[in-house]
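Student: What follows is a structure written as structure tokens; I'll ask about it next.
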Amino acid sequence: MTEQKRARLKADKLDTGFGSFRNIEVTIGKVIDDDWDEPMGPTPMPDVTTLRSWDHKLLTRYRPAYMPACQLCCLCTFGKCDLTSGKRGACGLDIEGQSARIVLAAANIGCAAHLAHSRHMVDYMIHEFGPRFELSQGDGVEIEAPVSRLVTGIRPRTLEDASAILDYCETQLTHTLSAVATGQEGSWIDFESKAFHVGMIDQVGMEIADLAQISTLGFPQSDPDAPLIEAGISSMDPKKAMILAIGHNVVPATYIMDYASETGVSDNIDIAGICCTAWDISRYDAKTKIVGPISWQLRFVRAGFADVVVVDEQCIRTDILEHAKKVNSPVIATCDKSTMGLPDRTDDDVDDIVKDLVSGKTPGVYIRDHEKIGEVVVKTAIKMHPKRKKKGSLPSKAKMQELAQACRQCSECVRSCPNDQPVMDAVLAAAEGNFEPLADVYDECIGCARCESACPNEYDLHSWMVKAAEGRWKQESFMVRSGRGAIKDTEIRTVGQPIVFGEIPGVIAHVGCANYPDGGRAIHDHAEEFAKRRFIVVFSGCAAMTVGAIKDEEGKSIYERRPGTFDAGSVLNVGSCVANSHIAGAAIKIANIFAKRNLRGNYEEIADYIHNRVGAVGISWGAMSQKAASIAAGFWRLGVPVIVGPHGTKYRRMLLGRADKPEDWMVWDARTGDRVQVAAGPEHLFYAVENLEELMVMTAKLAIRPNDTAKGRAIKLSHYIDLHETYKGYFPDDVHTYIRRETDIPITIKDKIKAQMKENKWQEKPIPDPTLVRRLVYGGNGGGK
Amino acid sequence: MMREEPWQTAEVCGPTKAQGIKKPAVVGALLKKAKHPLLVVGSQALTENTGKKSMIDYFIEFSTAAKIPIVATANTITAFKEKGFDNAYSYGAMEITGRLQDHDWMVASKKGPHDLVMTYGFPYYMEWLMLSALINFSPHIKTVSLGRYYQPHATWSFPNLKKQNWNDALKEILTLSGGSK
Ligand code: SF4
Ligand code: SF4
Ligand code: SF4
């Protein structure tokens, strides 16, 4: 475990927007890099309220619109309280406050999951490699941890620095979590501000986790040509013993891979992953395989492929043991967060454990020792492989047809399906021997198995779909690019200016989970559409797998068709969920490298820069988890808009701008200190779309920024107009609001726009050097008109 | 099935729940009373029908007869534009849900607020949340869910109806609003 040291940040004099301070010292817990000459900004290691005024600026423009999922609160014994339509609970909280509190609770949970993962990673690495092990993102990356530098003022050079940064994060999380307790925070805007804060902390924690694993485990280091990996169910070799790793924390799996290679059995086993562990094992060893996103757990386990199932942490089906038992797949739990009720066999002899697993005496074990995990898993897989005669729990079609005839037509399956799939009709068709409708349900199914839990006949409905679609998934094989890690400084140097000027119209960040409303095809079609339009399209997490599953006529996936560089028209994968911090990192580096703004402890200025200038849009089409909520919160605080798919409405609050209220869109012109009205860009900060068509239009619109140059604005508008005409069927009626000078008009559609301008009595508007922060006006505190 | 219970299981709400529309005359009475009604139509209207009529045609007739503007969300607007119908306005589902919480706001820049909002055509869970926003933050608005399935957060909703019964109910509402059968 780590050795705790004390260290402090020192500055003799600090001039900040909040005042001038002398003899600042921040004591934080560990050693700090002393030879970094970048001056310290105003807010190193901000506490919960340091950046509150920045949050309030954003939250005033983008007011939360709450959609409570429940009008009751039952969090304490004062309640239950009915908060409907303005009633207050016994503690005084109203429904707005309660709704905001739920937002904060979700962000806290998400941050905690990432941060605990990060802490485990760093402590483990220190244990293995020592506290002085140097951190690196590879050649071409001087700014190795932009988010951490920005937030904490620390440049993490070693694992020990990383640990110090996590100390800070853990303190902040404790505070934001405490604010949820009964009788603490009461105001919606301050709950929201704290959610932004913990989202920012989450970004730091994720960055540290990925930096630690990239530095120590030989992952690709900012490599645009990270290897292509085989993915899809049919990429597994049935002749080999199959080890399935599920979760997010790669460490236990590295021991499995190492043990297999040290004992010379690598060629006899297939190691495959689901969810983020899949990405990280592929970053460790490109010969591993990727099954698919989180929602494919059940279908893969039930189909009986896995000779051993290894679970680490996060996104694991909590009933995985039950499903694995049915197909004789032993389960090895490796992480203290998800021990699955299994006996702790850490101190037992390896061969005894293997014997018990192979004989079925125990369906699974929990082991804390990584070395032992490696050995037990490999030995068990090899022994189980020939033994597992009853592979798979899928029923035969004849059996399904027979059972289906007793369907009660009660609709319970349909009513429990989050995607409203026509399960009952499909079952009735199966009763007639037609299995195509069931196979079609498989295509849009997220694998939750709620339908079968609800069925009074206890049909294994998900298995039925998987069986019906066997012909489809047996063909499922595609290539995805492994996670490249961070964006190089050199890449930022090339694209920084065109992004800030708007000539590269935007950076699209597809993030996370697989709670898709309609299968995952939409992600691919969206990525292709925007890459074609010369946006930079970045992926991480499960979405990065799904986008690869659609192939062109030549059988190529998007990763094979498009380069992995951070450049116009590229489609790149940064890696697992924790790697999505590199996307925020890239935006931050643009402000630093291209605009030469100091990063160090300078959050507000950089967020203001990004919000006004970098046309980045985060998208999570299948957002599901609290982690997705905290990731989104991190983007919100940076002023980056986030769009979620329709299931994202269940986050229960949007952050909506009002384009029809000019007074909401005032900025300071940093050059003159004048107050200037700009167009509504980005119009919203958090938005759930109804379908792909709305996503297409909204993405293009949210890439608009006040700072776009004339050329950049014209390019962005032409994409917005074109997509609007394609998907909404008419010329958008708000184009004139985005024209500041005639030079902003896209030349090919000049006449239509001019007509609209005339109709709306358009007048020329100034193009400011925009900022929401008055102290950032050159030469002092604004003071202009 | 005529039970007033959420169609998607688990989508139960708080202490208040929508009154079931047992007779379409209820909607007729609400329409008569409303000063500024609004129809909010989602993308399922593009693929669904009532009897032989597409939902788009139904809403065009309804809107024309009762003189109610339509907000068409996502790409639903395309169908209204294609048919040359000009009393439909484009907002996102989340945008309109937000706007309706502004007690001064009305579609087409008129003086607000709307006092009756009728919804149709969204994924069940999405409409459920949109109506939750309105029940909590727009108490001046009465809401009617026009879909087949019970939406507990509306002021008035059909109970879970068989398709034929729902078709008949929509037909009657159209008649009551002055439209054809
Ligand atoms: S936390 Fe407040 S609103 Fe919730 S149950 Fe307790 S008293 Fe009621
Ligand atoms: S398993 Fe698939 S079909 Fe069944 S309820 Fe879940 S999403 Fe619907
Ligand atoms: S829940 Fe089961 S019995 Fe009821 S309709 Fe669905 S398949 Fe048939």
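By convention in this document, the chains of the structure tokens carry letters A, B, ... by their order, each chain's residues are numbered from 1, and ligands are numbered from 1 in the order they are shown.
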Could you write out as a short mmCIF file (atom, residue, chain, number, x, y, z; two decimals) with N, CA, C and O atoms, in the first residue's frame the residues of chain B within 6 Å of chain A, counting only C-alpha atoms?
Tutor:
data_model
loop_
_atom_site.label_atom_id
_atom_site.label_comp_id
_atom_site.auth_asym_id
_atom_site.auth_seq_id
_atom_site.Cartn_x
_atom_site.Cartn_y
_atom_site.Cartn_z
N TRP B 7 -49.04 1.35 -18.24
CA TRP B 7 -48.83 0.30 -19.24
C TRP B 7 -47.47 -0.35 -19.03
O TRP B 7 -47.38 -1.56 -18.92
N GLN B 8 -46.42 0.44 -18.97
CA GLN B 8 -45.12 -0.19 -18.68
C GLN B 8 -45.04 -0.43 -17.18
O GLN B 8 -45.20 0.49 -16.37
N THR B 9 -44.77 -1.68 -16.85
CA THR B 9 -44.72 -2.02 -15.43
C THR B 9 -43.60 -1.21 -14.78
O THR B 9 -42.63 -0.88 -15.41
N CYS B 13 -46.32 6.22 -10.23
CA CYS B 13 -45.87 7.56 -9.86
C CYS B 13 -46.23 7.84 -8.41
O CYS B 13 -46.10 6.97 -7.55
N GLY B 14 -46.65 9.03 -8.14
CA GLY B 14 -46.93 9.42 -6.77
C GLY B 14 -48.39 9.29 -6.40
O GLY B 14 -49.12 8.48 -6.97
N ALA B 74 -39.34 16.22 -32.97
CA ALA B 74 -38.34 15.49 -33.77
C ALA B 74 -38.67 15.65 -35.26
O ALA B 74 -38.94 16.76 -35.70
N ASN B 75 -38.70 14.53 -35.99
CA ASN B 75 -38.94 14.64 -37.44
C ASN B 75 -40.42 14.55 -37.80
O ASN B 75 -40.77 14.49 -38.97
N THR B 78 -42.00 16.77 -40.54
CA THR B 78 -41.89 16.53 -41.99
C THR B 78 -43.25 16.17 -42.58
O THR B 78 -43.64 16.68 -43.62
N GLY B 98 -40.03 21.88 -21.63
CA GLY B 98 -39.44 23.01 -20.90
C GLY B 98 -40.26 24.28 -21.10
O GLY B 98 -40.59 24.99 -20.15
N LEU B 129 -42.55 10.92 -18.48
CA LEU B 129 -41.74 11.94 -17.82
C LEU B 129 -42.14 13.35 -18.24
O LEU B 129 -42.13 14.28 -17.43
N SER B 132 -45.00 14.20 -16.27
CA SER B 132 -44.61 14.42 -14.88
C SER B 132 -44.11 15.86 -14.69
O SER B 132 -44.42 16.52 -13.69
N ALA B 133 -43.34 16.32 -15.67
CA ALA B 133 -42.86 17.71 -15.59
C ALA B 133 -44.05 18.66 -15.52
O ALA B 133 -44.08 19.60 -14.71
N ASN B 136 -46.10 18.63 -12.21
CA ASN B 136 -45.40 19.25 -11.07
C ASN B 136 -45.14 20.74 -11.25
O ASN B 136 -45.15 21.48 -10.28
#
Student: Within 10 Å of ligand 1, counting only C-alpha atoms and all ligand atoms, which protein or nucleic acid residues do you find, written as a compact mmCIF listing (two decimals) with N, CA, C and O atoms, in the first residue's frame?
Tutor:
# COMPACT_ATOMS: atom_id res chain seq x y z
N GLN A 71 -42.86 11.34 -7.29
CA GLN A 71 -43.20 12.55 -6.53
C GLN A 71 -43.00 12.38 -5.03
O GLN A 71 -43.27 13.28 -4.27
N LEU A 72 -42.62 11.17 -4.66
CA LEU A 72 -42.45 10.90 -3.24
C LEU A 72 -40.98 10.94 -2.88
O LEU A 72 -40.13 10.73 -3.73
N CYS A 73 -40.70 11.19 -1.62
CA CYS A 73 -39.34 10.98 -1.15
C CYS A 73 -39.44 10.06 0.07
O CYS A 73 -40.28 10.25 0.94
N CYS A 74 -38.61 9.04 0.09
CA CYS A 74 -38.62 8.13 1.23
C CYS A 74 -37.21 7.90 1.74
O CYS A 74 -36.85 6.83 2.18
N LEU A 75 -36.40 8.96 1.68
CA LEU A 75 -35.00 8.81 2.04
C LEU A 75 -34.75 8.84 3.55
O LEU A 75 -33.67 8.48 4.00
N CYS A 76 -35.69 9.35 4.32
CA CYS A 76 -35.45 9.37 5.76
C CYS A 76 -36.74 9.07 6.52
O CYS A 76 -37.83 9.04 5.93
N THR A 77 -36.64 8.90 7.81
CA THR A 77 -37.81 8.46 8.58
C THR A 77 -38.77 9.60 8.93
O THR A 77 -39.82 9.39 9.52
N PHE A 78 -38.41 10.83 8.54
CA PHE A 78 -39.40 11.92 8.57
C PHE A 78 -40.54 11.61 7.60
O PHE A 78 -41.67 12.02 7.78
N GLY A 79 -40.15 10.94 6.50
CA GLY A 79 -41.09 10.68 5.40
C GLY A 79 -41.78 9.37 5.61
O GLY A 79 -41.75 8.84 6.69
N LYS A 80 -42.36 8.86 4.57
CA LYS A 80 -42.46 9.32 3.20
C LYS A 80 -43.12 10.69 3.09
O LYS A 80 -44.08 10.96 3.78
N CYS A 81 -42.63 11.46 2.12
CA CYS A 81 -43.24 12.76 1.90
C CYS A 81 -43.78 12.86 0.47
O CYS A 81 -43.15 12.39 -0.47
N ASP A 82 -44.91 13.50 0.37
CA ASP A 82 -45.51 13.76 -0.94
C ASP A 82 -45.07 15.15 -1.38
O ASP A 82 -45.38 16.15 -0.73
N LEU A 83 -44.35 15.22 -2.49
CA LEU A 83 -43.81 16.51 -2.94
C LEU A 83 -44.53 17.02 -4.19
O LEU A 83 -44.08 17.96 -4.84
N LYS A 87 -45.83 20.87 -2.98
CA LYS A 87 -45.83 20.50 -1.55
C LYS A 87 -44.40 20.30 -1.08
O LYS A 87 -43.53 19.92 -1.86
N ARG A 88 -44.18 20.53 0.21
CA ARG A 88 -42.83 20.34 0.75
C ARG A 88 -42.79 19.13 1.68
O ARG A 88 -43.78 18.81 2.34
N GLY A 89 -41.61 18.51 1.74
CA GLY A 89 -41.41 17.39 2.65
C GLY A 89 -41.18 17.88 4.07
O GLY A 89 -41.05 19.10 4.32
N ALA A 90 -41.13 16.96 5.01
CA ALA A 90 -40.96 17.32 6.42
C ALA A 90 -39.65 18.06 6.68
O ALA A 90 -39.54 18.83 7.63
N CYS A 91 -38.66 17.85 5.83
CA CYS A 91 -37.37 18.55 5.99
C CYS A 91 -37.40 19.91 5.32
O CYS A 91 -36.43 20.67 5.42
N GLY A 92 -38.47 20.21 4.59
CA GLY A 92 -38.58 21.51 3.93
C GLY A 92 -38.29 21.48 2.45
O GLY A 92 -38.44 22.48 1.75
N LEU A 93 -37.86 20.33 1.97
CA LEU A 93 -37.47 20.25 0.56
C LEU A 93 -38.70 20.20 -0.35
O LEU A 93 -39.69 19.56 -0.02
N ASP A 94 -38.61 20.88 -1.50
CA ASP A 94 -39.70 20.78 -2.47
C ASP A 94 -39.26 19.91 -3.65
O ASP A 94 -38.13 19.42 -3.68
N ILE A 95 -40.14 19.75 -4.61
CA ILE A 95 -39.86 18.79 -5.70
C ILE A 95 -38.69 19.24 -6.58
O ILE A 95 -37.94 18.42 -7.10
N GLY A 97 -36.03 20.92 -5.48
CA GLY A 97 -34.84 20.58 -4.70
C GLY A 97 -34.60 19.08 -4.71
O GLY A 97 -33.47 18.61 -4.89
N GLN A 98 -35.67 18.33 -4.53
CA GLN A 98 -35.54 16.88 -4.50
C GLN A 98 -35.05 16.35 -5.85
O GLN A 98 -34.20 15.46 -5.91
N ARG A 101 -31.53 17.05 -6.14
CA ARG A 101 -30.81 16.17 -5.23
C ARG A 101 -30.57 14.79 -5.87
O ARG A 101 -29.52 14.17 -5.69
N VAL A 180 -26.17 15.47 0.10
CA VAL A 180 -27.44 14.80 -0.21
C VAL A 180 -28.21 14.44 1.06
O VAL A 180 -29.41 14.20 1.05
N ALA A 181 -27.50 14.42 2.19
CA ALA A 181 -28.14 14.01 3.45
C ALA A 181 -29.31 14.94 3.80
O ALA A 181 -29.32 16.12 3.44
N THR A 182 -30.25 14.38 4.50
CA THR A 182 -31.42 15.18 4.92
C THR A 182 -30.95 16.36 5.77
O THR A 182 -30.12 16.20 6.67
N GLY A 183 -31.49 17.50 5.45
CA GLY A 183 -31.15 18.67 6.25
C GLY A 183 -29.84 19.33 5.87
O GLY A 183 -29.26 20.07 6.66
N GLN A 184 -29.33 19.05 4.67
CA GLN A 184 -28.15 19.79 4.20
C GLN A 184 -28.58 20.76 3.11
O GLN A 184 -29.39 21.64 3.38
N GLY A 186 -30.44 22.72 0.26
CA GLY A 186 -31.88 22.84 0.05
C GLY A 186 -32.23 23.49 -1.27
O GLY A 186 -33.38 23.48 -1.70
Student: Skip segment 549-557 of chain A itself and residues of its chain fewer than 6 positions away, then list as an MDAnalysis selection string all residues within 12 Å of it, counting only C-alpha atoms.
Tutor: chainID A and resid 228:233 290:293 473 475:481 519:528 542:543 563 571
Student: I want to know what sits within 9 Å of His140 of chain B, based on only C-alpha atoms, with residues of the same chain fewer than 3 positions away left out; could you give that as a list in words?
Tutor: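 My list of contacting residues is His103, Pro113, His114, Asp115, Leu116, Leu134, Ile135 and Phe137 of chain B.
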Student: Dump N, CA, C and O atoms for the selected residues as a short mmCIF file (atom, residue, chain, number, x, y, z; two decimals), in the first residue's frame?
Tutor:
data_model
loop_
_atom_site.label_atom_id
_atom_site.label_comp_id
_atom_site.auth_asym_id
_atom_site.auth_seq_id
_atom_site.Cartn_x
_atom_site.Cartn_y
_atom_site.Cartn_z
N HIS B 103 -44.87 30.05 -17.61
CA HIS B 103 -46.29 30.38 -17.54
C HIS B 103 -46.69 31.51 -18.49
O HIS B 103 -47.87 31.80 -18.65
N PRO B 113 -50.71 31.72 -21.07
CA PRO B 113 -50.14 30.40 -21.34
C PRO B 113 -51.18 29.45 -21.93
O PRO B 113 -52.38 29.74 -21.95
N HIS B 114 -50.64 28.30 -22.40
CA HIS B 114 -51.57 27.23 -22.78
C HIS B 114 -52.23 26.70 -21.52
O HIS B 114 -51.61 26.66 -20.46
N ASP B 115 -53.48 26.28 -21.66
CA ASP B 115 -54.14 25.74 -20.46
C ASP B 115 -54.58 24.30 -20.63
O ASP B 115 -55.01 23.65 -19.68
N LEU B 116 -54.50 23.80 -21.88
CA LEU B 116 -54.83 22.39 -22.12
C LEU B 116 -53.83 21.83 -23.13
O LEU B 116 -53.65 22.39 -24.21
N LEU B 134 -45.05 18.40 -16.35
CA LEU B 134 -46.18 19.33 -16.41
C LEU B 134 -47.04 19.25 -15.14
O LEU B 134 -47.49 20.27 -14.62
N ILE B 135 -47.24 18.06 -14.63
CA ILE B 135 -48.09 17.94 -13.43
C ILE B 135 -47.42 18.66 -12.25
O ILE B 135 -48.09 19.26 -11.40
N PHE B 137 -44.82 21.13 -12.46
CA PHE B 137 -44.34 22.50 -12.64
C PHE B 137 -45.26 23.38 -13.48
O PHE B 137 -44.99 24.55 -13.66
#
Student: What are the closest atom pairs, with distances in Å to one decimal, for all residues of chain A lying within 12 Å of ligand 2? Consider only C-alpha atoms and all ligand atoms, order rows by chain and residue number, and present the result as CSV.
Tutor:
residue,atom,partner,partner_atom_place_in_ligand_line,distance
A:Ser295,CA,ligand 2,7 (S),9.2
A:Trp296,CA,ligand 2,1 (S),10.4
A:Gln297,CA,ligand 2,1 (S),11.3
A:Leu298,CA,ligand 2,1 (S),9.0
A:Arg299,CA,ligand 2,1 (S),9.5
A:Ser411,CA,ligand 2,5 (S),11.4
A:Glu412,CA,ligand 2,5 (S),9.7
A:Cys413,CA,ligand 2,5 (S),6.5
A:Val414,CA,ligand 2,5 (S),7.0
A:Arg415,CA,ligand 2,5 (S),8.3
A:Ser416,CA,ligand 2,5 (S),5.7
A:Cys417,CA,ligand 2,5 (S),3.4
A:Pro418,CA,ligand 2,8 (Fe),5.8
A:Asn419,CA,ligand 2,8 (Fe),5.6
A:Asp420,CA,ligand 2,8 (Fe),6.5
A:Gln421,CA,ligand 2,8 (Fe),5.6
A:Pro422,CA,ligand 2,3 (S),7.9
A:Val423,CA,ligand 2,3 (S),6.2
A:Met424,CA,ligand 2,3 (S),9.7
A:Asp425,CA,ligand 2,3 (S),11.6
A:Ala426,CA,ligand 2,3 (S),10.0
A:Val427,CA,ligand 2,3 (S),11.0
A:Pro437,CA,ligand 2,3 (S),11.3
A:Leu438,CA,ligand 2,3 (S),8.9
A:Ala439,CA,ligand 2,3 (S),10.3
A:Asp440,CA,ligand 2,3 (S),9.9
A:Val441,CA,ligand 2,3 (S),6.1
A:Tyr442,CA,ligand 2,2 (Fe),6.7
A:Asp443,CA,ligand 2,2 (Fe),8.9
A:Glu444,CA,ligand 2,7 (S),7.1
A:Cys445,CA,ligand 2,2 (Fe),3.7
A:Ile446,CA,ligand 2,7 (S),4.4
A:Gly447,CA,ligand 2,1 (S),4.1
A:Cys448,CA,ligand 2,6 (Fe),3.9
A:Ala449,CA,ligand 2,1 (S),3.6
A:Arg450,CA,ligand 2,5 (S),4.3
A:Cys451,CA,ligand 2,5 (S),4.0
A:Glu452,CA,ligand 2,4 (Fe),6.6
A:Ser453,CA,ligand 2,5 (S),8.6
A:Ala454,CA,ligand 2,5 (S),8.7
A:Cys455,CA,ligand 2,4 (Fe),10.1
A:Tyr459,CA,ligand 2,4 (Fe),11.0
A:Asp460,CA,ligand 2,4 (Fe),9.5
A:Leu461,CA,ligand 2,4 (Fe),6.7
A:His462,CA,ligand 2,1 (S),5.2
A:Ser463,CA,ligand 2,1 (S),8.8
A:Trp464,CA,ligand 2,3 (S),10.0
A:Met465,CA,ligand 2,3 (S),7.9
A:Val466,CA,ligand 2,2 (Fe),9.8
A:Ala514,CA,ligand 2,7 (S),11.2
A:Asn515,CA,ligand 2,7 (S),9.0
A:Tyr516,CA,ligand 2,7 (S),9.3
A:Pro517,CA,ligand 2,7 (S),8.9
A:Asp518,CA,ligand 2,7 (S),9.6
A:Gly519,CA,ligand 2,7 (S),9.7
Student: Show which residues sit within 9 Å of segment 33-50 of chain B, as number ranges by chain. Count only C-alpha atoms, and ignore same-chain residues fewer than 3 positions away.
Tutor: A: 690-691; B: 28-30, 53-59, 63, 67-77, 79, 93, 96, 106-107, 112-123, 163-164, 166-168, 170-171
Student: Given the selection you just returned, output its residues as a file containing C-alpha atoms, formatted as a PDB file, in the first residue's frame.
Tutor:
ATOM      1  CA  GLU A 690     -36.505  11.387 -29.291  1.00  0.00           C
ATOM      2  CA  ASN A 691     -34.851   9.590 -32.207  1.00  0.00           C
TER       3      ASN A 691
ATOM      4  CA  GLY B  28     -65.083  17.468 -25.641  1.00  0.00           C
ATOM      5  CA  ALA B  29     -65.917  19.353 -22.440  1.00  0.00           C
ATOM      6  CA  LEU B  30     -62.262  20.096 -21.749  1.00  0.00           C
ATOM      7  CA  LYS B  53     -56.546   7.089 -41.051  1.00  0.00           C
ATOM      8  CA  SER B  54     -52.886   7.851 -40.453  1.00  0.00           C
ATOM      9  CA  MET B  55     -52.314   9.651 -37.179  1.00  0.00           C
ATOM     10  CA  ILE B  56     -50.944  12.598 -39.115  1.00  0.00           C
ATOM     11  CA  ASP B  57     -54.202  12.913 -41.052  1.00  0.00           C
ATOM     12  CA  TYR B  58     -56.143  12.506 -37.859  1.00  0.00           C
ATOM     13  CA  PHE B  59     -54.300  15.337 -36.152  1.00  0.00           C
ATOM     14  CA  SER B  63     -56.370  20.635 -35.384  1.00  0.00           C
ATOM     15  CA  LYS B  67     -58.507  25.317 -34.241  1.00  0.00           C
ATOM     16  CA  ILE B  68     -55.701  23.964 -32.104  1.00  0.00           C
ATOM     17  CA  PRO B  69     -52.066  24.473 -33.044  1.00  0.00           C
ATOM     18  CA  ILE B  70     -49.792  21.451 -33.172  1.00  0.00           C
ATOM     19  CA  VAL B  71     -46.281  21.103 -31.870  1.00  0.00           C
ATOM     20  CA  ALA B  72     -44.643  18.313 -33.847  1.00  0.00           C
ATOM     21  CA  THR B  73     -41.504  16.949 -32.218  1.00  0.00           C
ATOM     22  CA  ALA B  74     -38.345  15.487 -33.768  1.00  0.00           C
ATOM     23  CA  ASN B  75     -38.937  14.640 -37.436  1.00  0.00           C
ATOM     24  CA  THR B  76     -42.739  14.447 -37.072  1.00  0.00           C
ATOM     25  CA  ILE B  77     -42.894  17.915 -38.580  1.00  0.00           C
ATOM     26  CA  ALA B  79     -45.243  14.783 -42.431  1.00  0.00           C
ATOM     27  CA  ALA B  93     -39.992  16.920 -27.038  1.00  0.00           C
ATOM     28  CA  ILE B  96     -41.673  21.851 -25.549  1.00  0.00           C
ATOM     29  CA  MET B 106     -47.370  30.174 -25.997  1.00  0.00           C
ATOM     30  CA  VAL B 107     -46.584  28.672 -29.371  1.00  0.00           C
ATOM     31  CA  GLY B 112     -49.695  32.562 -23.050  1.00  0.00           C
ATOM     32  CA  PRO B 113     -50.138  30.399 -21.339  1.00  0.00           C
ATOM     33  CA  HIS B 114     -51.568  27.233 -22.783  1.00  0.00           C
ATOM     34  CA  ASP B 115     -54.140  25.744 -20.461  1.00  0.00           C
ATOM     35  CA  LEU B 116     -54.831  22.389 -22.116  1.00  0.00           C
ATOM     36  CA  VAL B 117     -52.162  20.165 -23.650  1.00  0.00           C
ATOM     37  CA  MET B 118     -52.939  16.930 -25.446  1.00  0.00           C
ATOM     38  CA  THR B 119     -50.111  14.512 -26.120  1.00  0.00           C
ATOM     39  CA  TYR B 120     -49.582  11.599 -28.454  1.00  0.00           C
ATOM     40  CA  GLY B 121     -46.830   9.587 -30.078  1.00  0.00           C
ATOM     41  CA  PHE B 122     -43.830   9.299 -27.765  1.00  0.00           C
ATOM     42  CA  PRO B 123     -42.012   6.326 -26.323  1.00  0.00           C
ATOM     43  CA  LYS B 163     -57.157  -0.881 -30.523  1.00  0.00           C
ATOM     44  CA  GLN B 164     -60.743  -0.888 -31.764  1.00  0.00           C
ATOM     45  CA  TRP B 166     -59.346   3.439 -28.962  1.00  0.00           C
ATOM     46  CA  ASN B 167     -60.155   4.017 -32.638  1.00  0.00           C
ATOM     47  CA  ASP B 168     -63.785   4.573 -31.716  1.00  0.00           C
ATOM     48  CA  LEU B 170     -60.615   9.050 -31.196  1.00  0.00           C
ATOM     49  CA  LYS B 171     -63.334   9.169 -33.818  1.00  0.00           C
TER      50      LYS B 171
END
Student: Within 8 Å of segment 248-259 of chain A, counting only C-alpha atoms, which residues show up once you throw out same-chain ones fewer than 4 positions away? Write them as a ChimeraX atom specification, please.
Tutor: /A:117,121,263,266,271,275-278,280-281,284,312-315,334,370-371,373-375,377-378,576
Student: DSSP on the backbone: which residues in segment 63-175 of chain B end up as strand (DSSP E or B)? Give the answer as number ranges by chain.
Tutor: B: 70-72, 88-90, 116-120, 142-145, 156-157
